[in-house]
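Dropping target14.cif in here (mmCIF, C-alpha atoms):
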```cif
data_entry
loop_
_atom_site.label_atom_id
_atom_site.label_comp_id
_atom_site.auth_asym_id
_atom_site.auth_seq_id
_atom_site.Cartn_x
_atom_site.Cartn_y
_atom_site.Cartn_z
CA MET A 15 8.40 -4.83 97.53
CA LYS A 16 10.52 -3.91 94.56
CA GLU A 17 10.64 -7.50 93.28
CA LEU A 18 7.01 -7.35 92.21
CA VAL A 19 7.45 -4.12 90.28
CA GLU A 20 10.70 -5.38 88.80
CA TYR A 21 9.08 -8.57 87.61
CA ILE A 22 6.18 -6.79 85.95
CA ALA A 23 8.34 -4.09 84.38
CA LYS A 24 10.96 -6.51 83.07
CA SER A 25 8.23 -8.65 81.56
CA LEU A 26 6.80 -5.73 79.64
CA VAL A 27 9.76 -3.77 78.32
CA GLU A 28 11.98 -4.29 75.30
CA ASP A 29 15.10 -3.71 77.31
CA PRO A 30 14.94 -5.41 80.71
CA SER A 31 18.54 -4.51 81.49
CA GLN A 32 17.47 -0.88 81.85
CA VAL A 33 14.80 -1.61 84.44
CA GLN A 34 15.70 -0.24 87.83
CA VAL A 35 13.61 -0.05 90.95
CA THR A 36 14.70 1.78 94.05
CA GLU A 37 12.93 1.35 97.35
CA THR A 38 12.99 3.95 100.09
CA THR A 39 10.90 4.52 103.18
CA GLN A 40 9.58 7.85 104.25
CA SER A 41 7.55 8.22 107.44
CA GLY A 42 6.22 4.69 107.21
CA THR A 43 5.40 4.77 103.51
CA THR A 44 7.43 2.71 101.09
CA ILE A 45 8.32 4.68 98.00
CA LEU A 46 9.14 2.72 94.88
CA GLU A 47 10.76 4.48 91.98
CA LEU A 48 10.73 2.70 88.69
CA GLN A 49 13.10 3.61 85.90
CA VAL A 50 13.11 2.15 82.40
CA ALA A 51 14.68 2.95 79.07
CA GLN A 52 13.18 6.01 77.39
CA ASP A 53 11.75 3.90 74.59
CA ASP A 54 9.99 1.67 77.09
CA MET A 55 8.20 4.42 78.99
CA GLY A 56 5.05 3.99 76.94
CA ARG A 57 4.96 0.26 77.63
CA ILE A 58 4.97 0.62 81.39
CA ILE A 59 2.70 3.64 81.54
CA GLY A 60 0.20 2.49 78.97
CA LYS A 61 -2.68 4.32 77.40
CA ASN A 62 -4.10 6.75 79.95
CA GLY A 63 -1.66 5.34 82.49
CA ARG A 64 -3.52 2.07 82.55
CA VAL A 65 -0.50 -0.17 82.98
CA ALA A 66 1.05 2.05 85.64
CA ASN A 67 -2.22 2.18 87.54
CA ALA A 68 -2.70 -1.57 87.42
CA MET A 69 0.84 -1.99 88.78
CA ARG A 70 -0.04 0.39 91.60
CA VAL A 71 -3.11 -1.62 92.47
CA LEU A 72 -1.09 -4.84 92.66
CA VAL A 73 1.77 -3.39 94.66
CA ARG A 74 -0.80 -1.99 97.08
CA VAL A 75 -2.14 -5.50 97.62
CA LEU A 76 1.36 -6.61 98.56
CA ALA A 77 1.82 -3.63 100.86
CA SER A 78 -1.47 -4.27 102.60
CA GLN A 79 -0.42 -7.89 103.18
CA ARG A 80 2.44 -6.46 105.17
CA GLY A 81 0.37 -3.75 106.77
CA LYS A 82 2.25 -1.03 104.93
CA ARG A 83 1.56 1.84 102.60
CA VAL A 84 3.26 2.21 99.29
CA THR A 85 3.54 4.61 96.39
CA LEU A 86 4.91 3.80 92.97
CA ASP A 87 6.51 6.55 90.93
CA ILE A 88 7.72 6.17 87.40
CA VAL A 89 10.69 8.43 86.87
CA MET B 22 -30.05 -21.80 102.04
CA SER B 23 -32.54 -19.54 100.40
CA ASP B 24 -31.89 -16.64 102.69
CA THR B 25 -32.00 -13.99 100.07
CA ARG B 26 -33.04 -10.90 101.93
CA SER B 27 -33.85 -7.53 100.63
CA VAL B 28 -34.73 -4.12 102.01
CA GLU B 29 -35.87 -0.92 100.45
CA THR B 30 -34.73 2.34 101.93
CA SER B 31 -35.09 6.01 101.21
CA ALA B 32 -32.75 8.87 102.04
CA PRO B 33 -31.88 12.28 100.59
CA ASP B 34 -29.08 10.78 98.57
CA ILE B 35 -28.18 7.37 97.24
CA GLU B 36 -25.14 6.77 99.41
CA SER B 37 -27.04 7.41 102.64
CA ALA B 38 -29.83 5.18 101.49
CA ILE B 39 -27.33 2.40 100.82
CA GLU B 40 -25.70 2.85 104.21
CA GLN B 41 -29.05 2.74 105.91
CA GLY B 42 -29.96 -0.43 104.08
CA LEU B 43 -26.64 -2.07 104.92
CA ARG B 44 -27.21 -1.30 108.58
CA GLU B 45 -30.64 -2.84 108.43
CA LEU B 46 -29.33 -5.98 106.78
CA GLY B 47 -26.16 -6.04 108.82
CA VAL B 48 -24.00 -6.94 105.84
CA ALA B 49 -21.07 -5.47 103.96
CA ARG B 50 -21.39 -3.32 100.88
CA GLU B 51 -19.89 -6.03 98.69
CA SER B 52 -22.43 -8.64 99.57
CA VAL B 53 -25.47 -6.87 98.24
CA ILE B 54 -26.85 -5.80 94.93
CA VAL B 55 -27.93 -2.21 94.91
CA GLU B 56 -30.80 -1.22 92.74
CA ILE B 57 -31.64 2.38 92.37
CA LEU B 58 -35.40 2.52 92.38
CA GLU B 59 -35.60 6.26 92.25
CA GLU B 60 -32.94 8.88 91.76
CA PRO B 61 -33.09 11.69 94.28
CA SER B 62 -34.04 15.14 93.16
CA ARG B 63 -33.79 18.36 95.03
CA GLY B 64 -36.99 19.83 93.75
CA LEU B 65 -37.47 23.54 93.73
CA LEU B 66 -37.28 25.36 97.08
CA GLY B 67 -37.90 22.06 98.73
CA ILE B 68 -41.09 21.56 96.76
CA GLY B 69 -41.19 18.36 94.82
CA ALA B 70 -37.99 17.13 96.36
CA ARG B 71 -37.73 13.39 96.00
CA GLN B 72 -35.73 11.07 98.12
CA ALA B 73 -33.44 8.46 96.72
CA ARG B 74 -35.10 5.08 96.92
CA ILE B 75 -33.03 1.94 96.65
CA ARG B 76 -33.35 -1.75 97.15
CA LEU B 77 -30.58 -3.90 98.58
CA THR B 78 -30.66 -7.61 98.01
CA THR B 79 -28.40 -10.15 99.62
CA ALA B 80 -28.11 -13.67 98.38
CA ALA B 81 -27.62 -17.10 99.89
CA PRO B 82 -24.12 -18.23 100.89
CA ALA B 83 -21.84 -18.27 97.90
CA ARG B 84 -20.37 -21.67 98.59
CA ALA B 85 -23.27 -23.39 97.00
CA ALA B 86 -22.66 -21.62 93.73
CA ALA B 87 -18.99 -22.44 93.52
CA PRO B 88 -18.10 -24.69 90.65
CA THR B 89 -17.38 -28.34 91.23
CA PRO B 90 -13.93 -28.62 92.78
CA PRO B 91 -11.59 -28.81 89.84
CA VAL B 92 -8.88 -31.36 89.46
CA ALA B 93 -5.80 -29.71 90.89
CA LEU B 94 -3.31 -29.57 88.10
CA PRO B 95 0.31 -30.22 88.92
CA ALA B 96 1.26 -27.35 86.68
CA ALA B 97 -1.23 -25.17 88.44
CA VAL B 98 -0.23 -25.36 92.06
CA ALA B 99 1.33 -22.17 93.32
CA GLY B 100 4.11 -22.56 95.86
CA GLU B 101 2.76 -23.67 99.20
CA SER B 102 -0.85 -23.93 98.39
CA ALA B 103 -3.55 -23.16 100.85
CA PRO B 104 -5.39 -26.09 102.43
CA ALA B 105 -7.03 -27.92 99.61
CA GLU B 106 -10.66 -27.62 100.59
CA GLU B 107 -10.77 -24.12 101.89
CA GLU B 108 -14.39 -23.27 102.36
CA ASP B 109 -14.17 -19.89 103.99
CA GLU B 110 -15.56 -17.22 101.80
CA PRO B 111 -13.68 -13.98 101.68
CA GLY B 112 -15.97 -11.89 103.81
CA GLU B 113 -16.47 -9.05 101.41
CA GLU B 114 -17.49 -11.12 98.49
CA ALA B 115 -20.91 -11.03 97.07
CA ALA B 116 -22.88 -14.18 97.52
CA ALA B 117 -25.16 -16.01 95.15
CA PRO B 118 -27.88 -18.58 95.48
CA PRO B 119 -27.29 -22.25 94.74
CA ALA B 120 -26.55 -23.15 91.18
CA GLU B 121 -29.76 -25.19 90.94
CA ASP B 122 -31.60 -21.90 91.00
CA ALA B 123 -30.11 -21.08 87.68
CA ASP B 124 -32.77 -20.83 85.06
CA ALA B 125 -32.91 -20.55 81.33
CA PHE B 126 -31.48 -17.06 81.32
CA ASP B 127 -28.17 -18.29 82.55
CA ASP B 128 -27.58 -20.44 79.53
CA ASP B 129 -25.19 -18.12 77.83
CA THR B 130 -23.17 -17.10 80.83
CA LEU B 131 -19.51 -17.47 80.16
CA LEU B 132 -18.07 -18.45 83.46
CA ALA B 133 -20.84 -19.98 85.44
CA ASP B 134 -20.68 -23.41 83.95
CA ALA B 135 -17.01 -23.66 83.20
CA GLN B 136 -15.65 -27.19 83.29
CA PRO B 137 -12.33 -28.17 84.78
CA ILE B 138 -9.97 -29.64 82.27
CA SER B 139 -7.17 -32.14 82.31
CA ASP B 140 -3.50 -31.37 81.99
CA SER B 141 -3.16 -32.73 78.48
CA GLU B 142 -5.76 -30.32 77.20
CA LEU B 143 -3.98 -27.26 78.42
CA ASP B 144 -2.84 -25.28 75.48
CA GLU B 145 -0.19 -22.64 75.24
CA ASP B 146 -2.41 -19.77 76.42
CA ALA B 147 -3.36 -21.54 79.61
CA ARG B 148 0.16 -22.70 80.36
CA VAL B 149 1.70 -19.29 79.89
CA GLY B 150 -1.19 -17.61 81.69
CA VAL B 151 -0.94 -19.88 84.72
CA ALA B 152 2.83 -19.49 84.93
CA THR B 153 2.53 -15.71 84.76
CA LEU B 154 -0.27 -15.55 87.28
CA GLU B 155 1.52 -17.83 89.71
CA GLU B 156 4.62 -15.72 89.49
CA LEU B 157 2.62 -12.58 90.18
CA LEU B 158 0.76 -14.13 93.11
CA ALA B 159 3.99 -15.40 94.63
CA LYS B 160 5.53 -11.96 94.37
CA MET B 161 2.42 -10.45 95.87
CA GLU B 162 2.81 -12.95 98.72
CA ILE B 163 -0.62 -14.41 98.15
CA LYS B 164 -1.01 -18.05 99.04
CA ALA B 165 -3.37 -19.55 96.57
CA ARG B 166 -3.80 -22.22 93.94
CA VAL B 167 -4.62 -21.63 90.32
CA ALA B 168 -6.97 -24.04 88.60
CA VAL B 169 -7.75 -23.91 84.92
CA TYR B 170 -11.18 -24.24 83.40
CA ARG B 171 -12.38 -23.93 79.91
CA ALA B 172 -15.31 -21.59 79.88
CA ARG B 173 -18.37 -22.70 78.02
CA SER B 174 -18.31 -21.10 74.64
CA SER B 175 -20.56 -18.25 73.79
CA GLU B 176 -21.67 -17.98 70.20
CA ASP B 177 -19.47 -15.31 68.79
CA GLU B 178 -16.27 -15.45 70.76
CA GLU B 179 -13.32 -17.69 71.04
CA THR B 180 -13.65 -19.65 74.26
CA PRO B 181 -11.27 -18.27 76.85
CA TRP B 182 -9.40 -20.15 79.50
CA VAL B 183 -10.51 -19.32 83.00
CA LEU B 184 -7.71 -19.20 85.55
CA GLN B 185 -9.49 -19.68 88.81
CA ILE B 186 -7.58 -18.52 91.88
CA GLN B 187 -8.50 -20.57 94.92
CA GLY B 188 -7.62 -20.13 98.54
CA ALA B 189 -8.59 -18.50 101.81
CA ASP B 190 -9.26 -14.83 102.39
CA LEU B 191 -8.82 -13.80 98.80
CA GLY B 192 -11.12 -10.81 99.01
CA VAL B 193 -7.99 -8.71 98.80
CA LEU B 194 -7.59 -9.92 95.21
CA ILE B 195 -11.06 -8.76 94.25
CA GLY B 196 -11.11 -5.28 95.66
CA ARG B 197 -13.76 -2.66 95.49
CA ARG B 198 -16.05 -3.37 92.53
CA GLY B 199 -13.54 -5.94 91.33
CA GLU B 200 -10.89 -3.28 90.73
CA THR B 201 -8.01 -5.41 91.98
CA LEU B 202 -9.14 -8.43 90.03
CA ALA B 203 -9.34 -6.27 86.90
CA ALA B 204 -5.78 -5.02 87.44
CA LEU B 205 -4.52 -8.54 88.04
CA GLN B 206 -6.17 -9.80 84.88
CA TYR B 207 -4.90 -6.85 82.87
CA ILE B 208 -1.26 -7.29 83.92
CA THR B 209 -1.37 -11.07 83.57
CA ARG B 210 -2.81 -10.78 80.07
CA LEU B 211 -0.25 -8.18 79.08
CA ILE B 212 2.68 -10.28 80.19
CA ALA B 213 1.26 -13.51 78.80
CA SER B 214 0.41 -11.87 75.48
CA ARG B 215 3.94 -10.61 75.22
CA ASP B 216 5.30 -14.08 75.82
CA LEU B 217 2.94 -15.57 73.30
CA GLN B 218 3.34 -12.71 70.85
CA ARG B 219 -0.40 -12.63 70.39
CA ARG B 220 -3.42 -11.91 72.52
CA ALA B 221 -3.60 -14.38 75.39
CA ASN B 222 -7.08 -15.79 75.54
CA ILE B 223 -7.45 -15.94 79.30
CA VAL B 224 -9.83 -14.72 81.96
CA ILE B 225 -8.95 -14.56 85.63
CA ASP B 226 -11.38 -15.19 88.43
CA VAL B 227 -11.10 -15.45 92.21
CA GLU B 228 -13.11 -18.12 94.01
CA GLY B 229 -15.88 -17.95 91.46
CA TYR B 230 -16.47 -14.26 92.03
CA LYS B 231 -17.12 -13.37 88.41
CA ALA B 232 -19.42 -16.31 87.86
CA ARG B 233 -21.53 -15.33 90.85
CA ARG B 234 -21.47 -11.68 89.95
CA GLU B 235 -22.51 -12.54 86.43
CA LYS B 236 -25.54 -14.46 87.66
CA GLN B 237 -26.46 -11.62 89.97
CA LEU B 238 -26.20 -9.15 87.13
CA HIS B 239 -28.41 -11.29 84.93
CA ARG B 240 -31.07 -11.35 87.62
CA LEU B 241 -30.67 -7.66 88.23
CA ALA B 242 -31.00 -6.94 84.52
CA ARG B 243 -34.22 -8.90 84.25
CA ARG B 244 -35.75 -7.39 87.34
CA MET B 245 -34.87 -3.86 86.37
CA ALA B 246 -36.19 -4.41 82.87
CA GLU B 247 -39.48 -5.51 84.38
CA GLN B 248 -39.49 -2.46 86.53
CA ALA B 249 -38.77 -0.12 83.66
CA LEU B 250 -41.75 -1.62 81.83
CA GLN B 251 -43.99 -1.36 84.85
CA ILE B 252 -43.32 2.27 85.58
CA GLY B 253 -42.94 3.11 81.91
CA ARG B 254 -39.78 5.07 82.55
CA THR B 255 -36.05 4.67 82.12
CA VAL B 256 -34.36 2.89 85.00
CA THR B 257 -30.78 3.75 85.86
CA LEU B 258 -28.46 1.23 87.49
CA GLU B 259 -25.55 2.05 89.75
CA PRO B 260 -22.20 2.76 88.09
CA MET B 261 -20.37 -0.39 86.95
CA PRO B 262 -17.07 -1.27 85.35
CA PRO B 263 -17.12 -2.04 81.59
CA TYR B 264 -17.14 -5.80 82.05
CA GLU B 265 -20.25 -5.64 84.20
CA ARG B 266 -22.05 -3.18 81.97
CA ARG B 267 -21.42 -5.51 79.09
CA ILE B 268 -23.11 -8.35 80.96
CA ILE B 269 -26.19 -6.20 81.48
CA HIS B 270 -26.29 -5.16 77.83
CA LEU B 271 -25.94 -8.76 76.68
CA ALA B 272 -28.52 -10.00 79.16
CA LEU B 273 -31.11 -7.64 77.72
CA ARG B 274 -29.95 -7.68 74.13
CA ASP B 275 -32.79 -9.93 73.04
CA HIS B 276 -35.41 -8.45 75.34
CA PRO B 277 -38.33 -7.51 73.11
CA GLN B 278 -39.49 -4.49 75.07
CA VAL B 279 -36.47 -2.63 76.40
CA THR B 280 -33.22 -1.24 75.10
CA THR B 281 -30.12 -0.50 77.13
CA GLN B 282 -27.66 2.31 76.92
CA SER B 283 -24.65 3.38 78.97
CA VAL B 284 -24.45 6.97 80.11
CA GLY B 285 -21.90 8.99 82.05
CA GLU B 286 -18.13 9.01 81.95
CA GLY B 287 -15.41 6.84 83.41
CA GLU B 288 -16.08 5.58 86.92
CA HIS B 289 -19.57 7.00 86.84
CA ARG B 290 -20.68 5.30 83.67
CA LYS B 291 -23.86 3.35 84.22
CA VAL B 292 -26.41 1.39 82.30
CA THR B 293 -29.87 2.74 81.69
CA ILE B 294 -32.75 0.49 80.75
CA ILE B 295 -35.23 2.17 78.49
CA PRO B 296 -38.71 0.76 77.92
CA ASP B 297 -39.77 0.81 74.30
CA ARG B 298 -42.50 3.24 73.39
CA ARG B 299 -45.70 1.48 72.59
#
```
Representation of the structure as structure tokens:
Amino acid sequence: MKELVEYIAKSLVEDPSQVQVTETTQSGTTILELQVAQDDMGRIIGKNGRVANAMRVLVRVLASQRGKRVTLDIV
Amino acid sequence: MSDTRSVETSAPDIESAIEQGLRELGVARESVIVEILEEPSRGLLGIGARQARIRLTTAAPARAAAPTPPVALPAAVAGESAPAEEEDEPGEEAAAPPAEDADAFDDDTLLADAQPISDSELDEDARVGVATLEELLAKMEIKARVAVYRARSSEDEETPWVLQIQGADLGVLIGRRGETLAALQYITRLIASRDLQRRANIVIDVEGYKARREKQLHRLARRMAEQALQIGRTVTLEPMPPYERRIIHLALRDHPQVTTQSVGEGEHRKVTIIPDRR
């Protein structure tokens, strides 16, 4: 599932080389952790977390296609 | 085709009234318009308590309202596309009556009468938008096609491109109150705007959902305005996202006898229709 987050994040940041997504599974839930350069944090969180929330909505669509649950954390 | 059905129900609160109505109609929440006819009130010590009164209206099958099948654009075919003439409606979508029912009020709708366009007319916004959207859909593992329309222009805005996502079972892309569609449009616009280094002038729709919803909202606006005038009191609609509230405001902008105003915060923000004092 990390490819989707990676694609979105890399498309929005100034420094795509610093985008890292790790994917782990914990009791059936996929946990995605997204890391970006400090200066890019604002771009992927957005005003009032709007960008981050929209990413969560989309990654949830993907998860539901696969019958899974997912959380996206920005670290 | 004209199987628009409607029921009115009452219950102590709005949600229960809606549930009751849905049971009576035997349809899903997404396929009805909810009108709040009367807000509930607890009254004092049970005296003067008022039940919530609502009306649910379903509409005829949505297929009829879908735009003419667009020319599939080579640039606009995502991966393995779904069967070309997929006619199944995502079950949870709202339905609308046939387009012929459209009357004068629908003249200034943005999406309803969008025309498909040919490849040569695609400008940069559409190209970048489609590419971005296709990439997103592929990564979301959604099998669908993207067709491009040019929306009919409204007076004061630049005409946007409509990227119409077509395929089977796409209700998942719409989500509750269009939340998923809004997120998809937001991210696509962000990415496309970054590529273009200016605001991408695109709108995203799924199987004509917005167009149908827009027509429904126009009808709702008119009916509720009539009602506000009849009872001589402010009528409050259910909470709506900004895009939908805007449609209501615009629909009644030129109404000579009512004014509209949004009240409440965030998710609970809703439009009120206020009859003018005579």
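Considering only C-alpha atoms, the residue among B:Ala189, B:Ala38, B:Val48, B:Val227 positioned nearest to Val167 (chain B) is B:Val227.
Applied to the file shown here, the PyMOL selection byres ((chain B) within 7 of (chain A)) selects the residues Lys160, Met161, Glu162, Val193, Thr201, Ala204, Leu205, Ile208 and Ile212 of chain B.
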Problem set entry | Point-to-point distance from CA of Lys291 (chain B) to CA of Arg210 (chain B), Å rounded to tenths | 25.7 Å
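Separating CA of His289 (chain B) from CA of Gly63 (chain A) is a distance of 18.5 Å.
Interatomic distance, CA of Glu47 (chain A) against CA of Glu28 (chain A): 18.9 Å.
Of the listed residues (B:Lys231, B:Arg219, B:Arg267, B:Arg244), B:Lys231 comes nearest to Gln185 (chain B); the distances count only C-alpha atoms.
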For this session: Can you give me, as a list in words, the residues this file yields under the PyMOL selection byres ((chain A and resi 35) around 8)?
Result: Lys16, Val19, Glu20, Val33, Gln34, Thr36, Glu37, Leu46, Glu47, Leu48 and Gln49 of chain A
Exercise. Just so the selection is clear, what residues does the PyMOL selection byres ((chain B and resi 46) around 10) cover here, as a list of chain:residue names?
Worked result: B:Arg26, B:Ser27, B:Val28, B:Glu40, B:Gln41, B:Gly42, B:Leu43, B:Arg44, B:Glu45, B:Gly47, B:Val48, B:Ala49, B:Val53, B:Leu77, B:Thr78, B:Thr79
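Residues in contact with region 33-37 of chain B at 6 Å, where all atoms listed in the file are counted and same-chain residues fewer than 2 positions away are skipped, are listed as Ile39, Glu40, Pro61, Gln72 and Ala73 of chain B.
Of the listed residues (A:Gln52, A:Ser31, A:Gln40, A:Asn62), A:Gln40 comes nearest to Lys82 (chain A); the distances count all atoms listed in the file.
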Can you take region 34-51 of chain A from the block and write N, CA and C atoms as an mmCIF file, in the first residue's frame?
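Saved to selection08.cif:
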```
data_model
loop_
_atom_site.group_PDB
_atom_site.id
_atom_site.type_symbol
_atom_site.label_atom_id
_atom_site.label_comp_id
_atom_site.auth_asym_id
_atom_site.auth_seq_id
_atom_site.Cartn_x
_atom_site.Cartn_y
_atom_site.Cartn_z
ATOM 1 N N GLN A 34 10.080 8.853 2.560
ATOM 2 C CA GLN A 34 10.216 7.447 2.936
ATOM 3 C C GLN A 34 8.917 6.942 3.526
ATOM 4 N N VAL A 35 8.491 5.789 3.051
ATOM 5 C CA VAL A 35 7.289 5.201 3.626
ATOM 6 C C VAL A 35 7.631 3.807 4.119
ATOM 7 N N THR A 36 7.318 3.539 5.371
ATOM 8 C CA THR A 36 7.503 2.179 5.873
ATOM 9 C C THR A 36 6.137 1.566 6.119
ATOM 10 N N GLU A 37 6.057 0.278 5.860
ATOM 11 C CA GLU A 37 4.785 -0.421 5.975
ATOM 12 C C GLU A 37 4.942 -1.573 6.950
ATOM 13 N N THR A 38 4.167 -1.556 8.005
ATOM 14 C CA THR A 38 4.177 -2.675 8.951
ATOM 15 C C THR A 38 2.750 -3.138 9.186
ATOM 16 N N THR A 39 2.618 -4.329 9.718
ATOM 17 C CA THR A 39 1.283 -4.851 10.015
ATOM 18 C C THR A 39 1.195 -5.174 11.492
ATOM 19 N N GLN A 40 0.125 -4.724 12.087
ATOM 20 C CA GLN A 40 -0.063 -5.001 13.502
ATOM 21 C C GLN A 40 -1.489 -5.484 13.699
ATOM 22 N N SER A 41 -1.637 -6.676 14.193
ATOM 23 C CA SER A 41 -2.946 -7.315 14.387
ATOM 24 C C SER A 41 -3.918 -6.966 13.252
ATOM 25 N N GLY A 42 -3.486 -7.276 12.042
ATOM 26 C CA GLY A 42 -4.375 -7.151 10.890
ATOM 27 C C GLY A 42 -4.483 -5.759 10.292
ATOM 28 N N THR A 43 -3.967 -4.757 10.972
ATOM 29 C CA THR A 43 -4.019 -3.406 10.448
ATOM 30 C C THR A 43 -2.671 -3.018 9.845
ATOM 31 N N THR A 44 -2.724 -2.512 8.633
ATOM 32 C CA THR A 44 -1.494 -2.039 8.006
ATOM 33 C C THR A 44 -1.180 -0.639 8.525
ATOM 34 N N ILE A 45 0.044 -0.468 8.976
ATOM 35 C CA ILE A 45 0.438 0.851 9.472
ATOM 36 C C ILE A 45 1.466 1.445 8.528
ATOM 37 N N LEU A 46 1.112 2.586 7.953
ATOM 38 C CA LEU A 46 2.033 3.264 7.055
ATOM 39 C C LEU A 46 2.617 4.461 7.788
ATOM 40 N N GLU A 47 3.931 4.559 7.733
ATOM 41 C CA GLU A 47 4.578 5.721 8.328
ATOM 42 C C GLU A 47 5.278 6.498 7.234
ATOM 43 N N LEU A 48 4.895 7.742 7.128
ATOM 44 C CA LEU A 48 5.440 8.590 6.079
ATOM 45 C C LEU A 48 6.400 9.607 6.674
ATOM 46 N N GLN A 49 7.589 9.646 6.073
ATOM 47 C CA GLN A 49 8.604 10.595 6.510
ATOM 48 C C GLN A 49 9.001 11.477 5.342
ATOM 49 N N VAL A 50 9.111 12.772 5.596
ATOM 50 C CA VAL A 50 9.583 13.681 4.551
ATOM 51 C C VAL A 50 10.561 14.671 5.170
ATOM 52 N N ALA A 51 11.228 15.413 4.317
ATOM 53 C CA ALA A 51 12.150 16.437 4.819
ATOM 54 C C ALA A 51 11.385 17.434 5.686
#
```
